[in-house]
Amino acid sequence: MALREKIQDFLDTDSGIIGTGAALGAVLAFGISFEHEYSKRGFIPLAFSEIGQTRRCIEQYPSFQITEKCGYMAQKYGPQSRVPALTDYFSAVNDTAMMVFEAQNQSIAMWREDEKFAYELEKKTDPSLRIHTQIPEYAARSKELVANARGVLQPMLRAEKDIDPTIRFLDDAWDESHNNIYKTVIKTRRVCSGDGKTCRTETYTVQEYSHTIHTYNYDRASGQQAVQQLNRFYAQNPDIRVGEKLIRRPWATEAENEMAVRDSRRNAQNVNELSQNDYTQLTATWVDGSSYTVLGARAYQAYDALSAQRPLLRDALKTAKTKRYITYSSYDDGPQEFQKFKRAFKDAQDLQQNVAGIRRGLDVTEEVLPRLSKNAQDFVNAVEHGRETEKSPNELHRAIMKDARLLYRTNFTGGFDVEPSKWWATALWTFLGGLGGAGFGFAGLELARRRIRFFPANDKDYQPQ
């Protein structure tokens with residue numbers, strides 16, 4: 001049988017028609033979604049920290065206090081003799097990532113993407129083209145930046161480690177289990193033949209929920225150790241707050257930064273109607289969205305909440321014991337003593353995990369920033385100057401973008417979405433398009449069958465049964 005005939009036979013079957021509809025729907029949905037997501041690749045949101053202006057103000061100390069712009073900063077943050085460590089660190093990480101994202105955005109519109117990406121990266125890596133601080137300069141200071149930031153964050157970082165024994169004993173103090181019990185219920189139903197002329201009563205059984213046995217086992221030794229370790233933790237860590245504020249330029253934004261903000265949001269509505277306040281807020285994202293700001297606030301909240309649990313846990317020690325009882329619902333909060341320990345456990349975990357999020361950003365920067373800088377320089381040398389490199393330009397390009405996104409995400413929990421293209425959405429729309437196409441194919445079959453059923457005489461090939 002010829003291929004054309006095989007295809008025709010397949011299309012003449014129900015599964016062939018439905019399958020063809022599914023395939024067409026999936027292809028159409030994939031094409032539209034892919035084009036939509038691909039077009040967003042060049043719109044990674046940008047906003048530089050403008051740390052240069054802040055640094056210039058500080059370097060003019062003490063005369064900067066009497067100037068209009070720098071004086072506003074002095075009034076807000078107090079006199080500064082140097083750029084504070086956390087301000088130095090987070091502004092450097094932000095601007096490094098933004099330089100890479102800016103080069104990527106500008107390269108997307110070009111047919112020769114690698115060449116344009118290398119051309120833009122060279123401005124940010126070659127000292128002879130220097131206008132602002134470049135990526136290799138930040139990379140050369142990476143160990144110093146991280147070390148200084150760790151020094152300031154030491155109260156929080158120490159708490160992350162010191163709270164670990166408390167978490168273990170709080171978790172070990174209680175063990176819970178919930179056993180749902182079902183009962184067999186005999187029921188009857190009336191069963192009739194296809195023509196409905198004869199019927200009979202049939203007996204059958206079903207399993208129905210009866211009750212739940214809840215067991216809460218208490219380990220007295222672990223409970224006592226948990227309270228002791230918690231008291232020791234607060235004795236060793238009476239205050240984990242870090243006093244340093246991130247200094248941002250609060251009065252204005254540079255025209256060059258405003259252009260970067262606008263160009264990276266060209267597909268956003270009303271982008272040309274951004275006010276000065278909008279620019280100020282967007283360029284402050286490196287402060288407001290930093291892990292230090294976002295996760296630090298959560299860590300402080302957990303620290304205070306856990307401290308408030310201490311007298312409640314001491315009271316719970318007096319009455320805590322293993323309990324076992326029945327309820328007629330599978331959900332149960334547990335004894336009061338159990339609830340107090342679990343709340344303390346959650347607060348302790350929240351404290352540790354949020355501080356760990358800040359620490360991870362430091363760890364990633366120390367590892368990734370030098371590598372990112374080297375890959376960027378290798379990429380420029382390979383593409384712009386034809387030099388031999390260990391990795392291909394395509395591999396270097398992917399590695400640069402991966403590291404830049406990792407660097408930004410781990411340090412700016414509340415920052416911009418630096419992966420605007422959602423490729424998972426393309427997969428989802430392709431799947432839904434396939435379902436929709438299959439549905440249209442099935443609906444077409446049903447309409448055709450109804451037409452034949454109601455208008456058989458109009459069909460020349462119709463033969464009455």
# chains A, B, ... in the order shown; residues from 1 in each chain; ligands from 1
>>> residues_around(residues="A:Phe412", least_positions_apart="6", cutoff="8 Å", atoms="only C-alpha atoms", output="ChimeraX atom specification")
/A:286,289-291
>>> write_last_selection(atoms="all heavy atoms", output="PDB file, in the first residue's frame")
ATOM      1  N   TRP A 286      17.737  47.227  44.248  1.00  0.00           N
ATOM      2  CA  TRP A 286      18.906  46.507  44.782  1.00  0.00           C
ATOM      3  C   TRP A 286      18.975  46.621  46.302  1.00  0.00           C
ATOM      4  O   TRP A 286      19.563  45.767  46.969  1.00  0.00           O
ATOM      5  CB  TRP A 286      20.199  47.028  44.146  1.00  0.00           C
ATOM      6  CG  TRP A 286      20.636  48.387  44.615  1.00  0.00           C
ATOM      7  CD1 TRP A 286      20.243  49.588  44.115  1.00  0.00           C
ATOM      8  CD2 TRP A 286      21.556  48.670  45.669  1.00  0.00           C
ATOM      9  NE1 TRP A 286      20.845  50.615  44.800  1.00  0.00           N
ATOM     10  CE2 TRP A 286      21.669  50.074  45.759  1.00  0.00           C
ATOM     11  CE3 TRP A 286      22.292  47.891  46.553  1.00  0.00           C
ATOM     12  CZ2 TRP A 286      22.486  50.711  46.688  1.00  0.00           C
ATOM     13  CZ3 TRP A 286      23.102  48.523  47.483  1.00  0.00           C
ATOM     14  CH2 TRP A 286      23.195  49.909  47.543  1.00  0.00           C
ATOM     15  N   GLY A 289      15.049  44.945  47.508  1.00  0.00           N
ATOM     16  CA  GLY A 289      14.898  43.539  47.153  1.00  0.00           C
ATOM     17  C   GLY A 289      16.073  42.663  47.524  1.00  0.00           C
ATOM     18  O   GLY A 289      16.079  41.468  47.210  1.00  0.00           O
ATOM     19  N   SER A 290      17.075  43.242  48.186  1.00  0.00           N
ATOM     20  CA  SER A 290      18.250  42.440  48.562  1.00  0.00           C
ATOM     21  C   SER A 290      17.876  41.390  49.589  1.00  0.00           C
ATOM     22  O   SER A 290      16.932  41.551  50.367  1.00  0.00           O
ATOM     23  CB  SER A 290      19.346  43.345  49.130  1.00  0.00           C
ATOM     24  OG  SER A 290      18.980  43.835  50.404  1.00  0.00           O
ATOM     25  N   SER A 291      18.621  40.298  49.615  1.00  0.00           N
ATOM     26  CA  SER A 291      18.370  39.246  50.602  1.00  0.00           C
ATOM     27  C   SER A 291      18.562  39.782  52.016  1.00  0.00           C
ATOM     28  O   SER A 291      17.874  39.353  52.950  1.00  0.00           O
ATOM     29  CB  SER A 291      19.297  38.057  50.351  1.00  0.00           C
ATOM     30  OG  SER A 291      20.656  38.459  50.390  1.00  0.00           O
TER      31      SER A 291
END
>>> residues_around(residues="A:His214", least_positions_apart="3", cutoff="8 Å", atoms="only C-alpha atoms", output="ChimeraX atom specification")
/A:176-179,324-327,332
>>> select_by_dssp(residues="stretch 58-276 of chain A", states="helix (DSSP H, G or I)", output="number ranges by chain")
A: 58-59, 63-66, 68-77, 85-108, 113-122, 127-129, 135-140, 142-152, 154-162, 164-173, 220-236, 255-263, 271-273, 276
>>> write_last_selection(atoms="C-alpha atoms", output="short mmCIF file (atom, residue, chain, number, x, y, z; two decimals), in the first residue's frame")
data_model
loop_
_atom_site.label_atom_id
_atom_site.label_comp_id
_atom_site.auth_asym_id
_atom_site.auth_seq_id
_atom_site.Cartn_x
_atom_site.Cartn_y
_atom_site.Cartn_z
CA ILE A 58 31.26 60.15 50.71
CA GLU A 59 34.71 60.90 49.33
CA SER A 63 32.12 69.13 52.79
CA PHE A 64 29.44 66.94 51.17
CA GLN A 65 27.08 67.65 54.07
CA ILE A 66 26.60 71.23 53.00
CA GLU A 68 22.24 70.13 48.33
CA LYS A 69 22.31 66.59 46.90
CA CYS A 70 24.93 65.00 49.09
CA GLY A 71 23.59 66.83 52.11
CA TYR A 72 20.25 65.07 51.63
CA MET A 73 22.08 61.75 51.86
CA ALA A 74 23.93 62.85 54.99
CA GLN A 75 20.67 63.89 56.60
CA LYS A 76 19.07 60.52 55.80
CA TYR A 77 21.97 58.18 56.64
CA ALA A 85 30.44 47.09 53.67
CA LEU A 86 26.93 45.84 52.83
CA THR A 87 26.24 48.80 50.55
CA ASP A 88 29.55 48.12 48.82
CA TYR A 89 28.78 44.42 48.48
CA PHE A 90 25.16 44.48 47.25
CA SER A 91 25.72 47.38 44.84
CA ALA A 92 28.71 45.54 43.33
CA VAL A 93 26.77 42.30 42.88
CA ASN A 94 23.77 44.12 41.43
CA ASP A 95 25.79 46.14 38.94
CA THR A 96 27.84 43.11 37.83
CA ALA A 97 24.67 41.19 36.99
CA MET A 98 23.09 44.25 35.36
CA MET A 99 26.08 44.70 33.05
CA VAL A 100 25.68 41.15 31.79
CA PHE A 101 21.90 41.49 31.42
CA GLU A 102 22.30 44.79 29.56
CA ALA A 103 24.70 43.17 27.07
CA GLN A 104 22.30 40.27 26.62
CA ASN A 105 19.31 42.56 26.02
CA GLN A 106 21.19 44.53 23.39
CA SER A 107 22.36 41.38 21.61
CA ILE A 108 18.94 39.72 21.30
CA GLU A 113 23.77 37.36 18.73
CA ASP A 114 27.17 36.12 19.94
CA GLU A 115 29.02 38.88 18.08
CA LYS A 116 26.79 41.61 19.51
CA PHE A 117 26.96 40.11 23.02
CA ALA A 118 30.77 40.07 22.81
CA TYR A 119 30.83 43.64 21.49
CA GLU A 120 28.74 44.87 24.42
CA LEU A 121 30.63 42.77 27.00
CA GLU A 122 33.95 44.17 25.82
CA PRO A 127 40.12 48.62 30.68
CA SER A 128 40.78 50.74 27.59
CA LEU A 129 37.01 51.16 27.14
CA ILE A 135 33.22 43.37 35.81
CA PRO A 136 36.89 42.36 36.31
CA GLU A 137 37.30 45.16 38.87
CA TYR A 138 34.43 43.80 40.94
CA ALA A 139 35.76 40.25 40.49
CA ALA A 140 39.19 41.28 41.74
CA SER A 142 35.16 39.64 45.35
CA LYS A 143 36.97 38.09 48.34
CA GLU A 144 37.27 41.48 50.04
CA LEU A 145 33.63 42.34 49.36
CA VAL A 146 32.39 39.01 50.73
CA ALA A 147 34.71 39.06 53.74
CA ASN A 148 33.65 42.58 54.72
CA ALA A 149 29.97 41.69 54.33
CA ARG A 150 30.40 38.55 56.42
CA GLY A 151 32.07 40.60 59.14
CA VAL A 152 29.11 42.96 59.39
CA GLN A 154 28.37 38.07 61.88
CA PRO A 155 25.60 38.38 64.52
CA MET A 156 23.12 36.79 62.12
CA LEU A 157 25.53 34.21 60.71
CA ARG A 158 26.51 33.11 64.21
CA ALA A 159 22.85 32.70 65.12
CA GLU A 160 22.29 30.43 62.11
CA LYS A 161 24.87 28.02 63.50
CA ASP A 162 24.01 28.39 67.19
CA ASP A 164 20.94 24.22 65.22
CA PRO A 165 20.97 22.19 68.52
CA THR A 166 17.72 23.86 69.60
CA ILE A 167 16.05 22.86 66.32
CA ARG A 168 17.16 19.23 66.70
CA PHE A 169 15.86 18.86 70.27
CA LEU A 170 12.59 20.67 69.51
CA ASP A 171 12.03 18.24 66.63
CA ASP A 172 12.95 15.18 68.74
CA ALA A 173 10.73 16.16 71.67
CA ARG A 220 10.96 14.22 78.19
CA ALA A 221 14.77 14.30 77.89
CA SER A 222 14.64 15.97 74.47
CA GLY A 223 12.02 18.45 75.67
CA GLN A 224 14.19 19.52 78.59
CA GLN A 225 17.25 19.75 76.35
CA ALA A 226 15.31 21.88 73.86
CA VAL A 227 14.45 24.47 76.51
CA GLN A 228 18.00 24.45 77.87
CA GLN A 229 19.50 24.89 74.40
CA LEU A 230 17.04 27.68 73.61
CA ASN A 231 18.01 29.57 76.77
CA ARG A 232 21.68 29.05 75.91
CA PHE A 233 21.07 30.36 72.39
CA TYR A 234 19.61 33.64 73.65
CA ALA A 235 22.36 33.99 76.22
CA GLN A 236 24.94 33.68 73.43
CA ALA A 255 19.78 59.88 32.60
CA GLU A 256 21.90 56.89 31.52
CA ASN A 257 20.31 54.69 34.19
CA GLU A 258 16.83 55.91 33.30
CA MET A 259 17.43 54.96 29.66
CA ALA A 260 18.54 51.47 30.73
CA VAL A 261 15.40 51.14 32.85
CA ARG A 262 13.17 52.19 29.93
CA ASP A 263 14.89 50.17 27.21
CA VAL A 271 6.97 52.64 30.04
CA ASN A 272 7.41 56.11 28.53
CA GLU A 273 5.26 57.62 31.27
CA GLN A 276 10.89 60.48 38.68
#
>>> select_by_dssp(residues="stretch 73-254 of chain A", states="strand (DSSP E or B)", output="PyMOL selection string")
chain A and resi 174-192+199-218
>>> atom_distance(atom1="atom CA of A:Lys340", atom2="atom CA of A:Tyr218")
12.7 Å
>>> closest_atom_pairs(of="stretch 122-226 of chain A", to="stretch 51-57 of chain A", cutoff="12 Å", atoms="only C-alpha atoms", output="Markdown table")
| residue | atom | partner | partner_atom | distance |
| --- | --- | --- | --- | --- |
| A:Ile131 | CA | A:Gly52 | CA | 11.3 |
| A:His132 | CA | A:Gly52 | CA | 8.2 |
| A:Thr133 | CA | A:Gly52 | CA | 8.5 |
>>> closest_residue(among="A:Phe338, A:Leu407, A:Glu419, A:Lys123", to="A:Arg371", atoms="only C-alpha atoms")
A:Leu407
>>> closest_residue(among="A:Gln377, A:Gln336, A:Thr285, A:Asn394", to="A:Lys323", atoms="only C-alpha atoms")
A:Gln336
>>> residues_around(residues="stretch 194-207 of chain A", least_positions_apart="4", cutoff="12 Å", atoms="only C-alpha atoms", output="ChimeraX atom specification")
/A:180-190
>>> write_last_selection(atoms="N, CA, C and O atoms", output="PDB file, in the first residue's frame")
ATOM      1  N   ASN A 180      -6.205   6.469  60.667  1.00  0.00           N
ATOM      2  CA  ASN A 180      -7.615   6.536  60.282  1.00  0.00           C
ATOM      3  C   ASN A 180      -8.237   5.137  60.312  1.00  0.00           C
ATOM      4  O   ASN A 180      -7.712   4.197  59.716  1.00  0.00           O
ATOM      5  N   ILE A 181      -9.368   5.000  60.991  1.00  0.00           N
ATOM      6  CA  ILE A 181     -10.067   3.719  61.118  1.00  0.00           C
ATOM      7  C   ILE A 181     -11.329   3.740  60.250  1.00  0.00           C
ATOM      8  O   ILE A 181     -12.097   4.711  60.294  1.00  0.00           O
ATOM      9  N   TYR A 182     -11.509   2.675  59.477  1.00  0.00           N
ATOM     10  CA  TYR A 182     -12.680   2.570  58.608  1.00  0.00           C
ATOM     11  C   TYR A 182     -13.538   1.377  59.041  1.00  0.00           C
ATOM     12  O   TYR A 182     -13.034   0.407  59.617  1.00  0.00           O
ATOM     13  N   LYS A 183     -14.816   1.450  58.768  1.00  0.00           N
ATOM     14  CA  LYS A 183     -15.737   0.358  59.107  1.00  0.00           C
ATOM     15  C   LYS A 183     -16.430  -0.121  57.831  1.00  0.00           C
ATOM     16  O   LYS A 183     -16.635   0.655  56.880  1.00  0.00           O
ATOM     17  N   THR A 184     -16.782  -1.402  57.841  1.00  0.00           N
ATOM     18  CA  THR A 184     -17.471  -1.989  56.695  1.00  0.00           C
ATOM     19  C   THR A 184     -18.976  -1.797  56.870  1.00  0.00           C
ATOM     20  O   THR A 184     -19.547  -2.198  57.889  1.00  0.00           O
ATOM     21  N   VAL A 185     -19.600  -1.198  55.885  1.00  0.00           N
ATOM     22  CA  VAL A 185     -21.042  -0.929  55.943  1.00  0.00           C
ATOM     23  C   VAL A 185     -21.730  -1.717  54.824  1.00  0.00           C
ATOM     24  O   VAL A 185     -21.293  -1.677  53.664  1.00  0.00           O
ATOM     25  N   ILE A 186     -22.790  -2.467  55.199  1.00  0.00           N
ATOM     26  CA  ILE A 186     -23.548  -3.244  54.218  1.00  0.00           C
ATOM     27  C   ILE A 186     -24.682  -2.376  53.674  1.00  0.00           C
ATOM     28  O   ILE A 186     -25.447  -1.777  54.432  1.00  0.00           O
ATOM     29  N   LYS A 187     -24.781  -2.324  52.338  1.00  0.00           N
ATOM     30  CA  LYS A 187     -25.824  -1.530  51.696  1.00  0.00           C
ATOM     31  C   LYS A 187     -26.504  -2.361  50.623  1.00  0.00           C
ATOM     32  O   LYS A 187     -25.997  -3.425  50.213  1.00  0.00           O
ATOM     33  N   THR A 188     -27.663  -1.901  50.184  1.00  0.00           N
ATOM     34  CA  THR A 188     -28.395  -2.591  49.118  1.00  0.00           C
ATOM     35  C   THR A 188     -28.689  -1.622  47.989  1.00  0.00           C
ATOM     36  O   THR A 188     -28.762  -0.395  48.201  1.00  0.00           O
ATOM     37  N   ARG A 189     -28.867  -2.176  46.809  1.00  0.00           N
ATOM     38  CA  ARG A 189     -29.240  -1.355  45.658  1.00  0.00           C
ATOM     39  C   ARG A 189     -30.097  -2.214  44.716  1.00  0.00           C
ATOM     40  O   ARG A 189     -29.997  -3.445  44.711  1.00  0.00           O
ATOM     41  N   ARG A 190     -30.932  -1.580  43.936  1.00  0.00           N
ATOM     42  CA  ARG A 190     -31.833  -2.269  43.015  1.00  0.00           C
ATOM     43  C   ARG A 190     -31.184  -2.332  41.638  1.00  0.00           C
ATOM     44  O   ARG A 190     -30.770  -1.305  41.093  1.00  0.00           O
TER      45      ARG A 190
END
>>> atom_distance(atom1="atom CA of A:Arg241", atom2="atom CA of A:Tyr303")
9.6 Å
>>> residues_around(residues="A:Thr283", least_positions_apart="6", cutoff="9 Å", atoms="only C-alpha atoms", output="list in words")
Leu46, Ala47, Phe48, Ser49, Glu50, Arg248, Arg249, Thr253, Asn257, Glu258 and Val261 of chain A
>>> write_last_selection(atoms="N, CA and C atoms", output="PDB file, in the first residue's frame")
ATOM      1  N   LEU A  46      16.354  46.031  33.991  1.00  0.00           N
ATOM      2  CA  LEU A  46      17.617  46.623  34.419  1.00  0.00           C
ATOM      3  C   LEU A  46      17.387  47.788  35.377  1.00  0.00           C
ATOM      4  N   ALA A  47      18.306  47.980  36.287  1.00  0.00           N
ATOM      5  CA  ALA A  47      18.361  49.174  37.141  1.00  0.00           C
ATOM      6  C   ALA A  47      19.688  49.113  37.886  1.00  0.00           C
ATOM      7  N   PHE A  48      20.586  50.035  37.560  1.00  0.00           N
ATOM      8  CA  PHE A  48      21.889  50.069  38.209  1.00  0.00           C
ATOM      9  C   PHE A  48      21.790  50.796  39.550  1.00  0.00           C
ATOM     10  N   SER A  49      22.750  50.520  40.425  1.00  0.00           N
ATOM     11  CA  SER A  49      22.678  51.030  41.801  1.00  0.00           C
ATOM     12  C   SER A  49      23.042  52.507  41.921  1.00  0.00           C
ATOM     13  N   GLU A  50      23.790  53.027  40.934  1.00  0.00           N
ATOM     14  CA  GLU A  50      24.312  54.390  40.995  1.00  0.00           C
ATOM     15  C   GLU A  50      25.204  54.595  42.227  1.00  0.00           C
ATOM     16  N   ARG A 248      21.345  54.149  49.483  1.00  0.00           N
ATOM     17  CA  ARG A 248      21.031  54.335  48.072  1.00  0.00           C
ATOM     18  C   ARG A 248      20.872  55.817  47.787  1.00  0.00           C
ATOM     19  N   ARG A 249      21.065  56.157  46.558  1.00  0.00           N
ATOM     20  CA  ARG A 249      20.938  57.566  46.171  1.00  0.00           C
ATOM     21  C   ARG A 249      19.460  57.930  46.142  1.00  0.00           C
ATOM     22  N   THR A 253      17.936  60.179  39.722  1.00  0.00           N
ATOM     23  CA  THR A 253      18.565  59.101  38.961  1.00  0.00           C
ATOM     24  C   THR A 253      19.241  59.691  37.737  1.00  0.00           C
ATOM     25  N   ASN A 257      21.003  55.752  33.483  1.00  0.00           N
ATOM     26  CA  ASN A 257      20.311  54.686  34.187  1.00  0.00           C
ATOM     27  C   ASN A 257      18.833  54.660  33.817  1.00  0.00           C
ATOM     28  N   GLU A 258      18.231  55.835  33.682  1.00  0.00           N
ATOM     29  CA  GLU A 258      16.826  55.908  33.298  1.00  0.00           C
ATOM     30  C   GLU A 258      16.607  55.299  31.917  1.00  0.00           C
ATOM     31  N   VAL A 261      16.655  51.581  32.256  1.00  0.00           N
ATOM     32  CA  VAL A 261      15.396  51.138  32.848  1.00  0.00           C
ATOM     33  C   VAL A 261      14.312  51.081  31.779  1.00  0.00           C
TER      34      VAL A 261
END
>>> closest_residue(among="A:Arg405, A:Lys124, A:Arg387, A:Arg82", to="A:Asp417", atoms="only C-alpha atoms")
A:Arg405
>>> atom_distance(atom1="atom CA of A:Gln60", atom2="atom CA of A:Gly243")
23.7 Å
